[in-house]
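Inspection log for the structure reproduced underneath, given as structure tokens.
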Amino acid sequence: MDALRRALDEDRGRALLVLLRLVVAAVFLFAAPSKLLDPVTFARDIDNYRMLPDVLIGPLALVLPVAEILIGLALVTGVWARGAALVSAAMLIGFALGMVQAIVRGIDLDCGCFGSFAEARVSLWTVGRNLLLTLFCVAVALGPDMPLWPLRRRPRAAS
Amino acid sequence: MTASEKNAGPAPSASGSASLLVETARFALACLAISLLGWAFRPVPSPVDFRPVGTCAAPTPEHPTVRWIEQDEARARLGEPGVRFADARSRSDYEAGHVADALAVPMDTGALDPRALAALVDATTVITYCDTSEECGGSRRLAGLLAENGVRDVRVLRGGMPLWLSNDYPAESGPCAECPWTR
């Protein structure tokens, strides 16, 4: 684990982390607005998974888009980026579990990943996409705390 | 620690893991706090708003032929020959704003005026609605009475008038010219 962390702290590793951060941020910032503007449709998307009690669906439909926007902003700016990455990893795993149970139970549904903006049926592809993004988030969380720019580590002052 | 020193610091180790968890908790709390602020400005979607309707799901268990209708489908059928909207709210609520061309059939007393029934009984579909998005008790009662009295296809508008207005669907105000029973 320490070797991985050291590799991520090298210049190339940092450049890679910034790229991963921007990819995840772009996905979340693309996904959130339509959910935020139309929480009823998003709540319907969540309900279609048939895995949560009614009392949780409405609040989740309001919390998740806000979290997605904050995650996107945090990953772009670098403010609390590692914490945001860990939260997003947890969310993505939750989404993937929801998709897997839907596939196992034979529920054919729109994944609701991007609200009403872009529709996609739940499939192994959407599960795989979420798991890939989860890996990106874990890498960002394990990497160094750094702003979006500069990428290079500054040399330590001689002591 | 200055920003540059922080930038030059080593990758997180054991203490870094603890700070990562703290940062994660802070971020999660920030998400929750901002979401809670947002709740002050918009209602939490309720099941009656978001639950899709199966055609077998009767809004009134005692009248299984009465079905829900979603807002978008009802909007699409507005103006269709033979389709009538029936407003189950009070006369004053109707006059303040109602679905375009809807008849006023107030359920204040729980009874259906025979003249209102006569105006609706030949419709191919009657869509009833009221003013609460939670229960729609008035529109469900009206729908049941219409079904008992021979209206063939009766629907209850899910979300009622509040959702209709928030969808910015056609609405108008003023008294009902076709409804002498409300005068």
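Here, A, B, ... name the chains of the structure tokens in the order displayed, residue numbers run from 1 inside each chain, and ligands are numbered from 1 in the same displayed order.
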Output as a PyMOL selection string all residues of range 96-128 of chain A that backbone DSSP marks as helix (DSSP H, G or I). chain A and resi 96-105+124-128
Return the neighbours of chain B among the residues of chain A, cut-off 7 Å, counting only C-alpha atoms, as a list in words. Arg5, Arg6, Asp9, Pro39, Val40, Thr41, Ala43, Arg44, Asp54, Gly58, Pro59, Leu62, Val63, Val66, Ala67, Leu70, Trp80, Arg82, Gly83, Ala84, Leu86, Val87, Gly143, Pro144, Met146, Arg153, Arg154, Pro155 and Arg156 of chain A
Find the residues around range 146-161 of chain B up to 8 Å (only C-alpha atoms counted), leave out those fewer than 3 positions away in its own chain, and share them as a PDB file with N, CA and C atoms, in the first residue's frame.
```
ATOM      1  N   VAL B  48     -46.593   9.061  -3.779  1.00  0.00           N
ATOM      2  CA  VAL B  48     -47.711   9.310  -4.683  1.00  0.00           C
ATOM      3  C   VAL B  48     -47.246  10.094  -5.912  1.00  0.00           C
ATOM      4  N   ASP B  49     -46.130  10.807  -5.759  1.00  0.00           N
ATOM      5  CA  ASP B  49     -45.588  11.559  -6.895  1.00  0.00           C
ATOM      6  C   ASP B  49     -44.777  10.669  -7.833  1.00  0.00           C
ATOM      7  N   PRO B  59     -56.873   3.153  -7.445  1.00  0.00           N
ATOM      8  CA  PRO B  59     -56.700   4.098  -6.350  1.00  0.00           C
ATOM      9  C   PRO B  59     -57.757   3.902  -5.260  1.00  0.00           C
ATOM     10  N   HIS B  63     -63.273  -0.012  -5.847  1.00  0.00           N
ATOM     11  CA  HIS B  63     -63.616   0.172  -7.262  1.00  0.00           C
ATOM     12  C   HIS B  63     -62.411  -0.166  -8.125  1.00  0.00           C
ATOM     13  N   THR B  65     -62.068  -0.928 -11.050  1.00  0.00           N
ATOM     14  CA  THR B  65     -62.036  -0.440 -12.436  1.00  0.00           C
ATOM     15  C   THR B  65     -61.542   0.996 -12.515  1.00  0.00           C
ATOM     16  N   VAL B  66     -61.517   1.687 -11.378  1.00  0.00           N
ATOM     17  CA  VAL B  66     -61.008   3.059 -11.377  1.00  0.00           C
ATOM     18  C   VAL B  66     -59.497   3.018 -11.298  1.00  0.00           C
ATOM     19  N   ARG B  67     -58.854   3.673 -12.245  1.00  0.00           N
ATOM     20  CA  ARG B  67     -57.402   3.595 -12.317  1.00  0.00           C
ATOM     21  C   ARG B  67     -56.767   4.967 -12.133  1.00  0.00           C
ATOM     22  N   TRP B  68     -55.516   4.946 -11.751  1.00  0.00           N
ATOM     23  CA  TRP B  68     -54.747   6.189 -11.703  1.00  0.00           C
ATOM     24  C   TRP B  68     -54.431   6.631 -13.132  1.00  0.00           C
ATOM     25  N   ILE B  69     -54.168   7.918 -13.274  1.00  0.00           N
ATOM     26  CA  ILE B  69     -53.585   8.405 -14.532  1.00  0.00           C
ATOM     27  C   ILE B  69     -52.452   9.367 -14.168  1.00  0.00           C
ATOM     28  N   GLU B  70     -51.344   9.227 -14.863  1.00  0.00           N
ATOM     29  CA  GLU B  70     -50.204  10.107 -14.602  1.00  0.00           C
ATOM     30  C   GLU B  70     -50.442  11.462 -15.254  1.00  0.00           C
ATOM     31  N   GLN B  71     -49.723  12.446 -14.748  1.00  0.00           N
ATOM     32  CA  GLN B  71     -49.905  13.819 -15.210  1.00  0.00           C
ATOM     33  C   GLN B  71     -49.627  13.959 -16.718  1.00  0.00           C
ATOM     34  N   ALA B  74     -52.420  12.457 -18.723  1.00  0.00           N
ATOM     35  CA  ALA B  74     -53.624  13.287 -18.628  1.00  0.00           C
ATOM     36  C   ALA B  74     -53.479  14.543 -19.481  1.00  0.00           C
ATOM     37  N   HIS B  98     -58.192  26.035 -12.187  1.00  0.00           N
ATOM     38  CA  HIS B  98     -58.537  24.637 -12.445  1.00  0.00           C
ATOM     39  C   HIS B  98     -57.983  24.212 -13.804  1.00  0.00           C
ATOM     40  N   VAL B  99     -58.008  22.930 -14.040  1.00  0.00           N
ATOM     41  CA  VAL B  99     -57.586  22.391 -15.331  1.00  0.00           C
ATOM     42  C   VAL B  99     -58.489  22.978 -16.418  1.00  0.00           C
ATOM     43  N   LEU B 117     -73.627  14.317 -12.815  1.00  0.00           N
ATOM     44  CA  LEU B 117     -73.528  12.955 -13.357  1.00  0.00           C
ATOM     45  C   LEU B 117     -74.033  12.921 -14.796  1.00  0.00           C
ATOM     46  N   LEU B 120     -71.547  14.046 -17.244  1.00  0.00           N
ATOM     47  CA  LEU B 120     -70.316  13.254 -17.380  1.00  0.00           C
ATOM     48  C   LEU B 120     -70.546  11.818 -17.855  1.00  0.00           C
ATOM     49  N   VAL B 121     -71.773  11.347 -17.730  1.00  0.00           N
ATOM     50  CA  VAL B 121     -71.997   9.916 -17.898  1.00  0.00           C
ATOM     51  C   VAL B 121     -71.720   9.427 -19.317  1.00  0.00           C
ATOM     52  N   ASP B 122     -71.824  10.313 -20.286  1.00  0.00           N
ATOM     53  CA  ASP B 122     -71.586   9.890 -21.660  1.00  0.00           C
ATOM     54  C   ASP B 122     -70.131  10.053 -22.106  1.00  0.00           C
ATOM     55  N   ALA B 123     -69.301  10.568 -21.224  1.00  0.00           N
ATOM     56  CA  ALA B 123     -67.885  10.744 -21.593  1.00  0.00           C
ATOM     57  C   ALA B 123     -67.221   9.376 -21.731  1.00  0.00           C
ATOM     58  N   THR B 124     -66.264   9.291 -22.637  1.00  0.00           N
ATOM     59  CA  THR B 124     -65.533   8.024 -22.765  1.00  0.00           C
ATOM     60  C   THR B 124     -64.559   7.850 -21.594  1.00  0.00           C
ATOM     61  N   THR B 125     -63.990   8.957 -21.152  1.00  0.00           N
ATOM     62  CA  THR B 125     -63.078   8.916 -19.999  1.00  0.00           C
ATOM     63  C   THR B 125     -63.307  10.159 -19.152  1.00  0.00           C
ATOM     64  N   VAL B 126     -63.417   9.971 -17.841  1.00  0.00           N
ATOM     65  CA  VAL B 126     -63.480  11.106 -16.924  1.00  0.00           C
ATOM     66  C   VAL B 126     -62.255  11.050 -16.020  1.00  0.00           C
ATOM     67  N   ILE B 127     -61.554  12.166 -15.968  1.00  0.00           N
ATOM     68  CA  ILE B 127     -60.358  12.258 -15.115  1.00  0.00           C
ATOM     69  C   ILE B 127     -60.693  13.170 -13.943  1.00  0.00           C
ATOM     70  N   THR B 128     -60.677  12.609 -12.745  1.00  0.00           N
ATOM     71  CA  THR B 128     -60.995  13.408 -11.564  1.00  0.00           C
ATOM     72  C   THR B 128     -59.710  13.851 -10.882  1.00  0.00           C
ATOM     73  N   TYR B 129     -59.803  14.973 -10.213  1.00  0.00           N
ATOM     74  CA  TYR B 129     -58.629  15.444  -9.467  1.00  0.00           C
ATOM     75  C   TYR B 129     -59.089  16.311  -8.305  1.00  0.00           C
ATOM     76  N   CYS B 130     -58.167  16.518  -7.357  1.00  0.00           N
ATOM     77  CA  CYS B 130     -58.445  17.427  -6.261  1.00  0.00           C
ATOM     78  C   CYS B 130     -57.165  18.158  -5.883  1.00  0.00           C
ATOM     79  N   ASP B 131     -57.125  18.689  -4.660  1.00  0.00           N
ATOM     80  CA  ASP B 131     -56.054  19.648  -4.391  1.00  0.00           C
ATOM     81  C   ASP B 131     -54.914  19.116  -3.553  1.00  0.00           C
ATOM     82  N   THR B 132     -54.968  17.885  -3.166  1.00  0.00           N
ATOM     83  CA  THR B 132     -53.859  17.389  -2.369  1.00  0.00           C
ATOM     84  C   THR B 132     -53.117  16.321  -3.144  1.00  0.00           C
ATOM     85  N   SER B 133     -51.808  16.434  -3.099  1.00  0.00           N
ATOM     86  CA  SER B 133     -51.013  15.438  -3.819  1.00  0.00           C
ATOM     87  C   SER B 133     -50.802  14.186  -2.970  1.00  0.00           C
ATOM     88  N   GLU B 134     -51.238  14.213  -1.732  1.00  0.00           N
ATOM     89  CA  GLU B 134     -50.995  13.068  -0.853  1.00  0.00           C
ATOM     90  C   GLU B 134     -52.099  12.017  -0.966  1.00  0.00           C
ATOM     91  N   CYS B 136     -55.690  12.788  -2.193  1.00  0.00           N
ATOM     92  CA  CYS B 136     -56.696  12.991  -3.237  1.00  0.00           C
ATOM     93  C   CYS B 136     -58.012  12.321  -2.838  1.00  0.00           C
ATOM     94  N   SER B 139     -61.162  13.403  -4.998  1.00  0.00           N
ATOM     95  CA  SER B 139     -61.194  12.905  -6.379  1.00  0.00           C
ATOM     96  C   SER B 139     -61.403  11.399  -6.406  1.00  0.00           C
ATOM     97  N   ARG B 140     -60.911  10.714  -5.399  1.00  0.00           N
ATOM     98  CA  ARG B 140     -61.123   9.262  -5.372  1.00  0.00           C
ATOM     99  C   ARG B 140     -62.588   8.948  -5.065  1.00  0.00           C
ATOM    100  N   LEU B 142     -65.123  10.931  -5.780  1.00  0.00           N
ATOM    101  CA  LEU B 142     -65.862  11.279  -7.001  1.00  0.00           C
ATOM    102  C   LEU B 142     -65.699  10.181  -8.051  1.00  0.00           C
ATOM    103  N   ALA B 143     -64.492   9.690  -8.186  1.00  0.00           N
ATOM    104  CA  ALA B 143     -64.250   8.634  -9.170  1.00  0.00           C
ATOM    105  C   ALA B 143     -65.076   7.397  -8.854  1.00  0.00           C
ATOM    106  N   TRP B 164     -50.258  19.510 -11.318  1.00  0.00           N
ATOM    107  CA  TRP B 164     -50.648  20.022 -12.636  1.00  0.00           C
ATOM    108  C   TRP B 164     -50.106  21.441 -12.817  1.00  0.00           C
ATOM    109  N   LEU B 165     -50.288  22.261 -11.779  1.00  0.00           N
ATOM    110  CA  LEU B 165     -49.810  23.647 -11.858  1.00  0.00           C
ATOM    111  C   LEU B 165     -48.289  23.703 -11.886  1.00  0.00           C
TER     112      LEU B 165
END
```
Shell around range 18-27 of chain A at 8 Å using only C-alpha atoms, local window under 5 positions removed, as number ranges by chain: A: 71-73, 75-76, 133, 136-137, 140, 148, 151
Residues as selected, C-alpha atoms, written as a tab-separated table (two decimals), in the first residue's frame, can you do that?
```tsv
chain	number	residue	atom	x	y	z
A	71	ILE	CA	-18.10	15.80	-5.25
A	72	GLY	CA	-17.54	17.22	-8.72
A	73	LEU	CA	-16.55	20.60	-7.34
A	75	LEU	CA	-12.49	16.93	-7.23
A	76	VAL	CA	-11.97	19.85	-9.58
A	133	LEU	CA	-15.10	4.84	-11.49
A	136	PHE	CA	-10.52	5.86	-9.86
A	137	CYS	CA	-11.99	7.27	-6.66
A	140	VAL	CA	-7.59	9.55	-5.65
A	148	LEU	CA	-5.47	20.70	-9.23
A	151	LEU	CA	1.06	18.87	-10.71
```
Go through A:Leu132, A:Ala118, A:Val127, A:Val100 one by one, measure the shortest atom-to-atom distance of each to Tyr49 in chain A using only C-alpha atoms, and give the residue with the smallest value.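 Smallest separation from Tyr49 in chain A among the options: A:Val100.
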